[in-house]
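Colleague: Sharing target-v1.cif, mmCIF, C-alpha atoms and all ligand atoms:
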```
data_upload
loop_
_atom_site.group_PDB
_atom_site.id
_atom_site.type_symbol
_atom_site.label_atom_id
_atom_site.label_comp_id
_atom_site.auth_asym_id
_atom_site.auth_seq_id
_atom_site.Cartn_x
_atom_site.Cartn_y
_atom_site.Cartn_z
ATOM 1 C CA MET E 281 0.000 0.000 0.000
ATOM 2 C CA ARG E 282 2.788 2.366 1.016
ATOM 3 C CA ASP E 283 4.628 1.299 -2.096
ATOM 4 C CA GLN E 284 1.785 2.345 -4.369
ATOM 5 C CA ALA E 285 1.252 5.651 -2.594
ATOM 6 C CA GLU E 286 4.942 6.395 -2.990
ATOM 7 C CA LYS E 287 4.837 5.565 -6.716
ATOM 8 C CA LEU E 288 1.880 7.877 -7.208
ATOM 9 C CA ARG E 289 3.608 10.640 -5.278
ATOM 10 C CA GLU E 290 6.624 10.283 -7.543
ATOM 11 C CA ILE E 291 4.428 10.539 -10.625
ATOM 12 C CA ALA E 292 2.724 13.622 -9.309
ATOM 13 C CA ARG E 293 6.025 15.267 -8.384
ATOM 14 C CA GLY E 294 7.517 14.367 -11.730
ATOM 15 C CA ALA E 295 10.493 13.152 -9.714
ATOM 16 C CA ARG E 296 11.492 10.527 -12.251
ATOM 17 C CA THR E 297 12.013 10.714 -15.937
ATOM 18 C CA THR E 298 10.400 7.363 -16.609
ATOM 19 C CA PHE E 299 7.641 5.337 -15.083
ATOM 20 C CA ASN E 300 7.168 1.619 -15.462
ATOM 21 C CA SER E 301 3.517 1.057 -16.260
ATOM 22 C CA GLY E 302 3.089 -2.669 -16.624
ATOM 23 C CA ASN E 303 5.063 -3.664 -19.679
ATOM 24 C CA ALA E 304 5.607 -0.200 -21.091
ATOM 25 C CA ILE E 305 8.121 2.416 -20.031
ATOM 26 C CA ILE E 306 6.544 5.804 -20.568
ATOM 27 C CA LYS E 307 8.726 8.853 -20.881
ATOM 28 C CA LYS E 308 7.958 11.609 -18.421
ATOM 29 C CA ASN E 309 7.128 14.785 -20.255
ATOM 30 C CA ALA E 310 9.038 17.818 -19.023
ATOM 31 C CA ILE E 311 6.109 20.180 -19.553
ATOM 32 C CA GLN E 312 2.949 19.284 -17.715
ATOM 33 C CA ALA E 313 -0.500 20.370 -18.715
ATOM 34 C CA ARG E 314 -2.352 23.025 -16.705
ATOM 35 C CA VAL E 315 -5.434 21.318 -15.306
ATOM 36 C CA ILE E 316 -8.273 23.798 -14.827
ATOM 37 C CA ALA E 317 -11.663 22.831 -13.379
ATOM 38 C CA VAL E 318 -14.727 24.838 -14.435
ATOM 39 C CA THR E 319 -17.429 24.642 -11.810
ATOM 40 C CA SER E 320 -20.346 26.626 -10.402
ATOM 41 C CA GLY E 321 -22.613 25.803 -7.483
ATOM 42 C CA LYS E 322 -25.923 26.494 -9.180
ATOM 43 C CA GLY E 323 -26.685 24.480 -12.321
ATOM 44 C CA GLY E 324 -27.373 25.911 -15.746
ATOM 45 C CA VAL E 325 -25.212 29.031 -15.323
ATOM 46 C CA GLY E 326 -23.239 28.326 -18.503
ATOM 47 C CA LYS E 327 -20.250 26.180 -17.439
ATOM 48 C CA THR E 328 -20.315 23.825 -20.402
ATOM 49 C CA ASN E 329 -20.738 26.562 -23.004
ATOM 50 C CA PHE E 330 -18.027 28.613 -21.349
ATOM 51 C CA THR E 331 -15.665 25.606 -21.171
ATOM 52 C CA VAL E 332 -16.154 24.664 -24.817
ATOM 53 C CA ASN E 333 -15.800 28.217 -26.128
ATOM 54 C CA LEU E 334 -12.811 28.892 -23.882
ATOM 55 C CA ALA E 335 -11.190 25.729 -25.231
ATOM 56 C CA VAL E 336 -11.739 26.881 -28.815
ATOM 57 C CA ALA E 337 -10.437 30.371 -27.988
ATOM 58 C CA LEU E 338 -7.291 28.921 -26.399
ATOM 59 C CA THR E 339 -6.812 26.672 -29.439
ATOM 60 C CA LYS E 340 -7.026 29.723 -31.711
ATOM 61 C CA LEU E 341 -4.348 31.314 -29.538
ATOM 62 C CA GLY E 342 -2.057 28.396 -30.363
ATOM 63 C CA LYS E 343 -2.585 26.062 -27.411
ATOM 64 C CA ASN E 344 -3.367 22.364 -27.477
ATOM 65 C CA VAL E 345 -6.475 21.979 -25.377
ATOM 66 C CA MET E 346 -8.363 18.973 -24.118
ATOM 67 C CA ILE E 347 -11.709 18.940 -22.318
ATOM 68 C CA ILE E 348 -12.573 16.236 -19.812
ATOM 69 C CA ASP E 349 -16.316 15.946 -19.357
ATOM 70 C CA ALA E 350 -16.621 15.275 -15.641
ATOM 71 C CA ASP E 351 -20.366 15.856 -15.461
ATOM 72 C CA LEU E 352 -20.773 12.137 -15.032
ATOM 73 C CA GLY E 353 -23.954 10.752 -16.478
ATOM 74 C CA LEU E 354 -25.254 14.182 -17.544
ATOM 75 C CA GLY E 355 -22.372 15.444 -19.644
ATOM 76 C CA ASN E 356 -23.185 17.516 -22.694
ATOM 77 C CA VAL E 357 -19.801 18.790 -23.828
ATOM 78 C CA GLU E 358 -20.203 16.576 -26.892
ATOM 79 C CA TYR E 359 -23.424 18.305 -27.801
ATOM 80 C CA VAL E 360 -22.008 21.831 -27.519
ATOM 81 C CA LEU E 361 -18.759 20.845 -29.220
ATOM 82 C CA GLY E 362 -20.643 19.098 -32.016
ATOM 83 C CA CYS E 363 -18.871 15.747 -31.927
ATOM 84 C CA THR E 364 -19.379 12.300 -30.461
ATOM 85 C CA SER E 365 -16.893 10.082 -28.719
ATOM 86 C CA ARG E 366 -16.944 6.353 -29.261
ATOM 87 C CA TYR E 367 -15.248 5.436 -26.013
ATOM 88 C CA ASN E 368 -14.816 6.728 -22.478
ATOM 89 C CA LEU E 369 -12.648 5.861 -19.515
ATOM 90 C CA TYR E 370 -14.861 2.886 -18.746
ATOM 91 C CA ASP E 371 -13.867 1.257 -22.046
ATOM 92 C CA LEU E 372 -10.211 1.898 -21.341
ATOM 93 C CA LEU E 373 -10.464 0.180 -17.968
ATOM 94 C CA ASN E 374 -12.208 -2.740 -19.575
ATOM 95 C CA ARG E 375 -9.504 -2.987 -22.223
ATOM 96 C CA THR E 376 -11.871 -2.564 -25.145
ATOM 97 C CA CYS E 377 -9.789 0.359 -26.416
ATOM 98 C CA THR E 378 -6.470 2.134 -25.980
ATOM 99 C CA VAL E 379 -5.750 5.427 -24.244
ATOM 100 C CA LYS E 380 -5.615 7.084 -27.666
ATOM 101 C CA ASP E 381 -9.086 5.821 -28.571
ATOM 102 C CA ILE E 382 -10.791 7.649 -25.710
ATOM 103 C CA ILE E 383 -9.615 11.011 -26.980
ATOM 104 C CA THR E 384 -11.853 12.445 -29.667
ATOM 105 C CA GLU E 385 -10.653 15.222 -31.939
ATOM 106 C CA SER E 386 -13.442 17.765 -32.464
ATOM 107 C CA PRO E 387 -13.847 19.609 -35.779
ATOM 108 C CA HIS E 388 -12.454 22.724 -34.065
ATOM 109 C CA GLY E 389 -9.141 21.232 -32.965
ATOM 110 C CA VAL E 390 -10.148 20.744 -29.331
ATOM 111 C CA LYS E 391 -9.560 17.268 -27.929
ATOM 112 C CA PHE E 392 -12.229 15.720 -25.821
ATOM 113 C CA MET E 393 -12.383 12.891 -23.295
ATOM 114 C CA SER E 394 -15.563 11.603 -21.747
ATOM 115 C CA GLY E 395 -15.123 10.500 -18.139
ATOM 116 C CA GLY E 396 -18.260 8.398 -18.102
ATOM 117 C CA SER E 397 -19.065 6.460 -14.973
ATOM 118 C CA GLY E 398 -15.820 4.526 -15.475
ATOM 119 C CA ILE E 399 -13.934 7.169 -13.573
ATOM 120 C CA TYR E 400 -15.243 5.701 -10.321
ATOM 121 C CA GLN E 401 -14.011 2.250 -11.249
ATOM 122 C CA LEU E 402 -10.506 3.627 -10.914
ATOM 123 C CA ALA E 403 -10.918 3.400 -7.163
ATOM 124 C CA GLU E 404 -11.528 -0.335 -7.351
ATOM 125 C CA LEU E 405 -8.592 -1.261 -9.549
ATOM 126 C CA SER E 406 -5.706 -3.479 -8.542
ATOM 127 C CA GLU E 407 -2.412 -1.746 -7.877
ATOM 128 C CA ASP E 408 -0.885 -2.915 -11.154
ATOM 129 C CA LYS E 409 -3.844 -1.845 -13.255
ATOM 130 C CA LEU E 410 -4.082 1.495 -11.500
ATOM 131 C CA ASN E 411 -0.413 2.226 -12.105
ATOM 132 C CA GLU E 412 -0.848 1.252 -15.733
ATOM 133 C CA VAL E 413 -3.810 3.589 -16.223
ATOM 134 C CA ILE E 414 -2.111 6.507 -14.475
ATOM 135 C CA GLY E 415 1.036 5.859 -16.462
ATOM 136 C CA GLN E 416 -1.017 5.974 -19.654
ATOM 137 C CA THR E 417 -2.706 9.229 -18.722
ATOM 138 C CA MET E 418 0.720 10.883 -18.570
ATOM 139 C CA GLN E 419 0.659 10.853 -22.343
ATOM 140 C CA TYR E 420 -2.027 13.512 -22.199
ATOM 141 C CA ASP E 421 0.591 15.957 -20.945
ATOM 142 C CA GLU E 422 2.265 15.576 -24.330
ATOM 143 C CA TRP E 423 -0.952 16.139 -26.219
ATOM 144 C CA ALA E 424 -2.374 19.032 -24.268
ATOM 145 C CA ASP E 425 -1.022 22.303 -22.842
ATOM 146 C CA ILE E 426 -4.274 22.931 -21.034
ATOM 147 C CA ILE E 427 -6.874 20.474 -19.785
ATOM 148 C CA LEU E 428 -10.285 21.935 -18.923
ATOM 149 C CA VAL E 429 -12.445 19.819 -16.628
ATOM 150 C CA ASP E 430 -16.150 20.611 -17.035
ATOM 151 C CA THR E 431 -17.818 19.533 -13.797
ATOM 152 C CA GLY E 432 -21.438 18.990 -12.884
ATOM 153 C CA ALA E 433 -23.263 21.561 -10.777
ATOM 154 C CA GLY E 434 -23.495 21.481 -7.005
ATOM 155 C CA ILE E 435 -21.239 21.064 -4.011
ATOM 156 C CA ASN E 436 -21.522 17.334 -3.493
ATOM 157 C CA ARG E 437 -18.534 15.063 -3.066
ATOM 158 C CA ASN E 438 -18.604 13.881 -6.699
ATOM 159 C CA VAL E 439 -18.109 17.425 -7.940
ATOM 160 C CA MET E 440 -15.741 18.581 -5.191
ATOM 161 C CA ASN E 441 -13.335 15.656 -5.723
ATOM 162 C CA PHE E 442 -12.655 16.920 -9.237
ATOM 163 C CA VAL E 443 -12.522 20.561 -8.191
ATOM 164 C CA VAL E 444 -10.029 19.997 -5.397
ATOM 165 C CA ALA E 445 -7.821 17.801 -7.629
ATOM 166 C CA ALA E 446 -7.368 20.548 -10.259
ATOM 167 C CA ASP E 447 -4.436 22.993 -10.233
ATOM 168 C CA GLU E 448 -6.697 25.933 -11.009
ATOM 169 C CA VAL E 449 -10.423 26.494 -10.514
ATOM 170 C CA ILE E 450 -12.774 28.757 -12.455
ATOM 171 C CA VAL E 451 -16.073 29.468 -10.699
ATOM 172 C CA VAL E 452 -18.851 30.500 -13.067
ATOM 173 C CA THR E 453 -21.905 32.393 -11.865
ATOM 174 C CA THR E 454 -24.590 34.540 -13.405
ATOM 175 C CA THR E 455 -25.744 37.786 -11.797
ATOM 176 C CA GLU E 456 -28.835 36.128 -10.275
ATOM 177 C CA PRO E 457 -28.835 36.214 -6.468
ATOM 178 C CA THR E 458 -29.390 32.436 -6.268
ATOM 179 C CA ALA E 459 -26.401 31.732 -8.509
ATOM 180 C CA ILE E 460 -24.242 34.168 -6.498
ATOM 181 C CA ALA E 461 -25.290 32.525 -3.231
ATOM 182 C CA ASP E 462 -24.440 29.078 -4.625
ATOM 183 C CA ALA E 463 -21.065 30.300 -5.913
ATOM 184 C CA TYR E 464 -20.322 31.541 -2.399
ATOM 185 C CA ALA E 465 -21.429 28.166 -0.957
ATOM 186 C CA LEU E 466 -19.036 26.448 -3.342
ATOM 187 C CA MET E 467 -16.152 28.650 -2.185
ATOM 188 C CA LYS E 468 -17.019 27.823 1.401
ATOM 189 C CA VAL E 469 -17.019 24.083 0.710
ATOM 190 C CA TYR E 470 -13.773 24.388 -1.298
ATOM 191 C CA ASN E 471 -12.240 25.887 1.812
ATOM 192 C CA ILE E 472 -13.587 23.063 3.983
ATOM 193 C CA TYR E 473 -12.025 20.555 1.552
ATOM 194 C CA ASN E 474 -8.713 22.390 2.068
ATOM 195 C CA GLY E 475 -8.517 23.389 -1.599
ATOM 196 C CA THR E 476 -5.370 25.364 -2.276
ATOM 197 C CA ALA E 477 -5.898 26.969 -5.697
ATOM 198 C CA THR E 478 -6.703 30.638 -6.134
ATOM 199 C CA LEU E 479 -10.310 30.617 -7.271
ATOM 200 C CA LYS E 480 -11.024 32.629 -10.417
ATOM 201 C CA LEU E 481 -14.449 34.091 -11.050
ATOM 202 C CA VAL E 482 -16.265 34.390 -14.352
ATOM 203 C CA ILE E 483 -19.575 36.262 -14.324
ATOM 204 C CA ASN E 484 -21.727 34.999 -17.176
ATOM 205 C CA ARG E 485 -24.742 36.532 -18.887
ATOM 206 C CA VAL E 486 -24.022 40.114 -17.862
ATOM 207 C CA ASN E 487 -25.889 42.929 -19.593
ATOM 208 C CA GLU E 488 -23.474 45.697 -18.692
ATOM 209 C CA TYR E 489 -19.872 45.891 -17.597
ATOM 210 C CA SER E 490 -20.829 47.614 -14.337
ATOM 211 C CA GLU E 491 -23.226 44.781 -13.473
ATOM 212 C CA GLY E 492 -20.464 42.190 -13.846
ATOM 213 C CA GLU E 493 -17.994 44.322 -11.949
ATOM 214 C CA SER E 494 -20.371 44.856 -9.057
ATOM 215 C CA VAL E 495 -21.139 41.119 -8.677
ATOM 216 C CA ALA E 496 -17.461 40.144 -8.951
ATOM 217 C CA ASN E 497 -16.359 42.760 -6.405
ATOM 218 C CA LYS E 498 -19.061 41.710 -3.965
ATOM 219 C CA LEU E 499 -18.194 38.009 -4.163
ATOM 220 C CA ILE E 500 -14.457 38.629 -3.920
ATOM 221 C CA LYS E 501 -15.001 40.814 -0.863
ATOM 222 C CA VAL E 502 -17.264 38.425 1.074
ATOM 223 C CA ALA E 503 -15.055 35.428 0.260
ATOM 224 C CA GLN E 504 -12.053 37.289 1.678
ATOM 225 C CA GLN E 505 -13.891 38.726 4.659
ATOM 226 C CA PHE E 506 -15.908 35.730 5.829
ATOM 227 C CA LEU E 507 -13.956 32.761 4.481
ATOM 228 C CA GLY E 508 -10.437 34.140 4.247
ATOM 229 C CA VAL E 509 -10.474 32.800 0.663
ATOM 230 C CA SER E 510 -8.641 34.697 -2.013
ATOM 231 C CA VAL E 511 -10.623 34.973 -5.257
ATOM 232 C CA GLY E 512 -9.556 36.686 -8.478
ATOM 233 C CA SER E 513 -11.703 37.929 -11.346
ATOM 234 C CA LEU E 514 -11.148 36.571 -14.870
ATOM 235 C CA GLY E 515 -13.848 38.738 -16.405
ATOM 236 C CA PHE E 516 -17.411 38.669 -17.704
ATOM 237 C CA VAL E 517 -19.298 37.059 -20.550
ATOM 238 C CA TYR E 518 -22.144 39.071 -21.998
ATOM 239 C CA GLU E 519 -25.709 37.849 -22.362
ATOM 240 C CA ASP E 520 -25.969 36.982 -26.027
ATOM 241 C CA LYS E 521 -28.796 35.328 -27.928
ATOM 242 C CA ASN E 522 -26.288 34.254 -30.572
ATOM 243 C CA LEU E 523 -24.874 31.846 -28.018
ATOM 244 C CA VAL E 524 -28.291 30.242 -27.593
ATOM 245 C CA LYS E 525 -28.604 29.931 -31.373
ATOM 246 C CA ALA E 526 -25.133 28.390 -31.556
ATOM 247 C CA VAL E 527 -26.122 25.777 -28.953
ATOM 248 C CA LYS E 528 -29.099 24.815 -31.086
ATOM 249 C CA ASN E 529 -26.839 24.462 -34.128
ATOM 250 C CA GLN E 530 -24.236 22.519 -32.145
ATOM 251 C CA VAL E 531 -21.429 24.835 -33.209
ATOM 252 C CA PRO E 532 -19.544 26.819 -30.527
ATOM 253 C CA VAL E 533 -20.463 30.510 -30.809
ATOM 254 C CA ILE E 534 -16.804 31.430 -31.083
ATOM 255 C CA ILE E 535 -16.694 29.492 -34.367
ATOM 256 C CA ALA E 536 -20.189 30.281 -35.640
ATOM 257 C CA GLN E 537 -20.076 34.006 -34.866
ATOM 258 C CA PRO E 538 -16.673 35.136 -33.639
ATOM 259 C CA ASP E 539 -17.655 38.825 -33.687
ATOM 260 C CA THR E 540 -20.525 38.547 -31.232
ATOM 261 C CA VAL E 541 -20.217 39.981 -27.730
ATOM 262 C CA ALA E 542 -20.194 36.576 -26.012
ATOM 263 C CA ALA E 543 -17.470 35.265 -28.309
ATOM 264 C CA ARG E 544 -15.328 38.364 -27.861
ATOM 265 C CA SER E 545 -15.635 38.316 -24.095
ATOM 266 C CA ILE E 546 -14.521 34.682 -23.965
ATOM 267 C CA VAL E 547 -11.474 35.458 -26.127
ATOM 268 C CA ASP E 548 -10.575 38.224 -23.632
ATOM 269 C CA ILE E 549 -10.822 35.722 -20.794
ATOM 270 C CA ALA E 550 -8.669 33.205 -22.701
ATOM 271 C CA GLN E 551 -5.984 35.864 -23.117
ATOM 272 C CA ARG E 552 -6.174 36.790 -19.439
ATOM 273 C CA LEU E 553 -5.811 33.135 -18.522
ATOM 274 C CA LEU E 554 -2.743 32.712 -20.723
ATOM 275 C CA TYR E 555 -0.997 35.879 -19.662
ATOM 276 C CA GLY E 556 -1.736 35.415 -15.969
ATOM 277 C CA LYS E 557 0.647 33.345 -13.902
ATOM 278 C CA PRO E 558 -0.366 29.666 -13.992
ATOM 279 C CA ALA E 559 -0.402 27.668 -10.765
ATOM 280 C CA ASN E 560 2.235 24.997 -10.230
ATOM 281 C CA SER E 561 0.965 21.984 -12.117
ATOM 282 C CA ASP E 562 1.323 18.308 -11.368
ATOM 283 C CA GLY E 563 -0.004 17.529 -14.832
ATOM 284 C CA ILE E 564 -2.742 15.097 -15.648
ATOM 285 C CA ALA E 565 -1.243 12.199 -13.682
ATOM 286 C CA GLY E 566 -1.104 14.459 -10.627
ATOM 287 C CA PHE E 567 -4.738 15.391 -11.172
ATOM 288 C CA PHE E 568 -5.833 11.750 -11.314
ATOM 289 C CA LYS E 569 -3.653 10.921 -8.323
ATOM 290 C CA LYS E 570 -5.245 13.646 -6.186
ATOM 291 C CA PHE E 571 -8.691 12.644 -7.379
ATOM 292 C CA LEU E 572 -8.070 8.979 -6.530
ATOM 293 C CA ASN E 573 -6.663 9.785 -3.118
ATOM 294 C CA ARG E 574 -9.988 11.422 -2.337
ATOM 295 C CA LEU E 575 -11.948 8.370 -3.469
ATOM 296 C CA ARG E 576 -9.937 5.857 -1.496
HETATM 297 N N1 LIG V 601 -23.631 34.186 -22.247
HETATM 298 C C1 LIG V 601 -24.826 33.610 -22.469
HETATM 299 N N2 LIG V 601 -25.803 34.301 -23.117
HETATM 300 C C2 LIG V 601 -27.013 33.754 -23.349
HETATM 301 N N3 LIG V 601 -27.371 32.520 -22.945
HETATM 302 C C3 LIG V 601 -26.471 31.787 -22.295
HETATM 303 C C4 LIG V 601 -25.138 32.275 -22.024
HETATM 304 N N4 LIG V 601 -24.467 31.317 -21.359
HETATM 305 C C5 LIG V 601 -25.312 30.266 -21.229
HETATM 306 N N5 LIG V 601 -26.513 30.546 -21.772
HETATM 307 C C6 LIG V 601 -27.716 29.677 -21.821
HETATM 308 O O1 LIG V 601 -27.695 28.818 -20.695
HETATM 309 C C7 LIG V 601 -27.873 27.475 -21.118
HETATM 310 C C8 LIG V 601 -27.180 26.535 -20.168
HETATM 311 O O2 LIG V 601 -25.794 26.606 -20.365
HETATM 312 P P1 LIG V 601 -24.805 25.398 -19.986
HETATM 313 O O3 LIG V 601 -25.376 24.100 -20.411
HETATM 314 O O4 LIG V 601 -23.478 25.761 -20.503
HETATM 315 O O5 LIG V 601 -24.858 25.501 -18.406
HETATM 316 P P2 LIG V 601 -24.162 24.522 -17.331
HETATM 317 O O6 LIG V 601 -23.754 25.375 -16.199
HETATM 318 O O7 LIG V 601 -23.126 23.708 -17.987
HETATM 319 O O8 LIG V 601 -25.405 23.597 -16.930
HETATM 320 P P3 LIG V 601 -25.311 22.274 -16.012
HETATM 321 O O9 LIG V 601 -25.171 22.745 -14.608
HETATM 322 O O10 LIG V 601 -26.629 21.605 -16.290
HETATM 323 O O11 LIG V 601 -24.133 21.482 -16.474
HETATM 324 C C9 LIG V 601 -27.347 27.443 -22.533
HETATM 325 O O12 LIG V 601 -27.902 26.393 -23.291
HETATM 326 C C10 LIG V 601 -27.772 28.802 -23.057
HETATM 327 O O13 LIG V 601 -29.117 28.737 -23.499
HETATM 328 MG MG MG V 602 -22.834 21.606 -18.048
#
```
Show the structure stored in the file as structure tokens.
Ligand SMILES: Nc1ncnc2c1ncn2[C@@H]1O[C@H](COP(=O)(O)OP(=O)(O)OP(=O)(O)O)[C@@H](O)[C@H]1O
Ligand SMILES: [Mg+2]
Modeller:
Amino acid sequence: MRDQAEKLREIARGARTTFNSGNAIIKKNAIQARVIAVTSGKGGVGKTNFTVNLAVALTKLGKNVMIIDADLGLGNVEYVLGCTSRYNLYDLLNRTCTVKDIITESPHGVKFMSGGSGIYQLAELSEDKLNEVIGQTMQYDEWADIILVDTGAGINRNVMNFVVAADEVIVVTTTEPTAIADAYALMKVYNIYNGTATLKLVINRVNEYSEGESVANKLIKVAQQFLGVSVGSLGFVYEDKNLVKAVKNQVPVIIAQPDTVAARSIVDIAQRLLYGKPANSDGIAGFFKKFLNRLR
């Protein structure tokens, strides 16, 4: 048991250049992907649309981006991205496909992996199999600079395990009082889970700049004052009926209508994310390791 924990710690630290995963020796990649969770509190505030459009914006800015759909059972990244995946993690664990097969290339250059319910089977794997799977996931660090994890809504353990495992966390809210209250609840729970990332706020569906600014300032202030949690603002996404139309057409708005206000605001956020200082990253293997430690 101690042996396995130590191996996983080494993977997460990137302490070795190679890792023996079953029969294969996998080279440790020097550059590890930034793993960013996108979460909310209240459902339906726009996480999935924001994640997909942010991924496309980052791709246009020259980054290799992969989305992990962690809204287990209810995921709709595929729908918004306009592609379908044949396999998910469950199939990988059951050896019906390879690690490469579970990554789908969308028409817009964004890679996509569906977690499916298989992600929970990770916790039940034998030590050898677990090491093999984690070893295989390291390859994602070579294929992606940034991995966006689209979570489900809420503050339950299923969601929080993903959120706490990520290097960086984006909290999406609208300007509705209920969504703001739930975003605050999420920050509170993140603190209780001993999350260490600086939370970054995105206010979605704003009608005016001042509206977004006022909500962001209020949330940042109460989080600092009552929770001692430091929150930063990444910016606002404008209310835009073109986004709704794009959802219906299953083409991300940033592709369908790049000059619309929603698309432009997401590009601004992508730039802010790239030019801001990234958190120290343990890469994808580190993400899975932290996630698994929470399940066990
Ligand atoms: N900026 C926006 N302008 C207009 N409508 C928007 C905007 N963002 C999201 N919406 C609307 O909100 C709907 C829900 O968005 P989305 O599915 O991305 O939310 P979610 O937070 O991922 O939901 P869930 O919690 O169910 O996963 C979209 O289908 C769209 O109609
Ligand atoms: Mg969603």
Colleague: Which residues of chain E have any atom within 6 Å of an atom in ligand MG 602 (chain V) when counting only C-alpha atoms and all ligand atoms, and what is the closest pair of atoms for each, with the distance in Å to one decimal? Order the rows by chain and rising number and write it as JSON lines.
Modeller:
```
{"residue": "E:Lys327", "atom": "CA", "partner": "V:MG602", "partner_atom": "MG", "distance": 5.3}
{"residue": "E:Thr328", "atom": "CA", "partner": "V:MG602", "partner_atom": "MG", "distance": 4.1}
{"residue": "E:Gly432", "atom": "CA", "partner": "V:MG602", "partner_atom": "MG", "distance": 6.0}
```
Colleague: To verify the selection step, state as a list in words which residues the PyMOL selection byres (((chain E and resi 454) around 8) and not hetatm) yields on this input.
Modeller: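 Taken over the shown coordinates, the PyMOL selection byres (((chain E and resi 454) around 8) and not hetatm) returns Val325, Val452, Thr453, Thr455, Glu456, Ala459, Ile460, Ile483, Asn484, Arg485 and Val486 of chain E.
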Colleague: Could you tell me how far atom N3 of ligand LIG 601 (chain V) lies from atom CA of E:Ala463, in Å and to one decimal?
Modeller: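 Separation between atom N3 of ligand LIG 601 (chain V) and atom CA of E:Ala463: 18.3 Å.
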Colleague: Given all atoms listed in the file as the basis, pick out the residue of E:Leu481, E:Leu352, E:Leu466, E:Val524 nearest to E:Ala543.
Modeller: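 Checking each of E:Leu481, E:Leu352, E:Leu466, E:Val524 against E:Ala543, counting all atoms listed in the file, the winner is E:Val524.
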Colleague: Contacts of E:Tyr473 at 12 Å or less, counting all atoms listed in the file, minus same-chain residues fewer than 4 places along, as an NGL selection string?
Modeller: :E and (435-437 or 439-445 or 466-469 or 477 or 574)
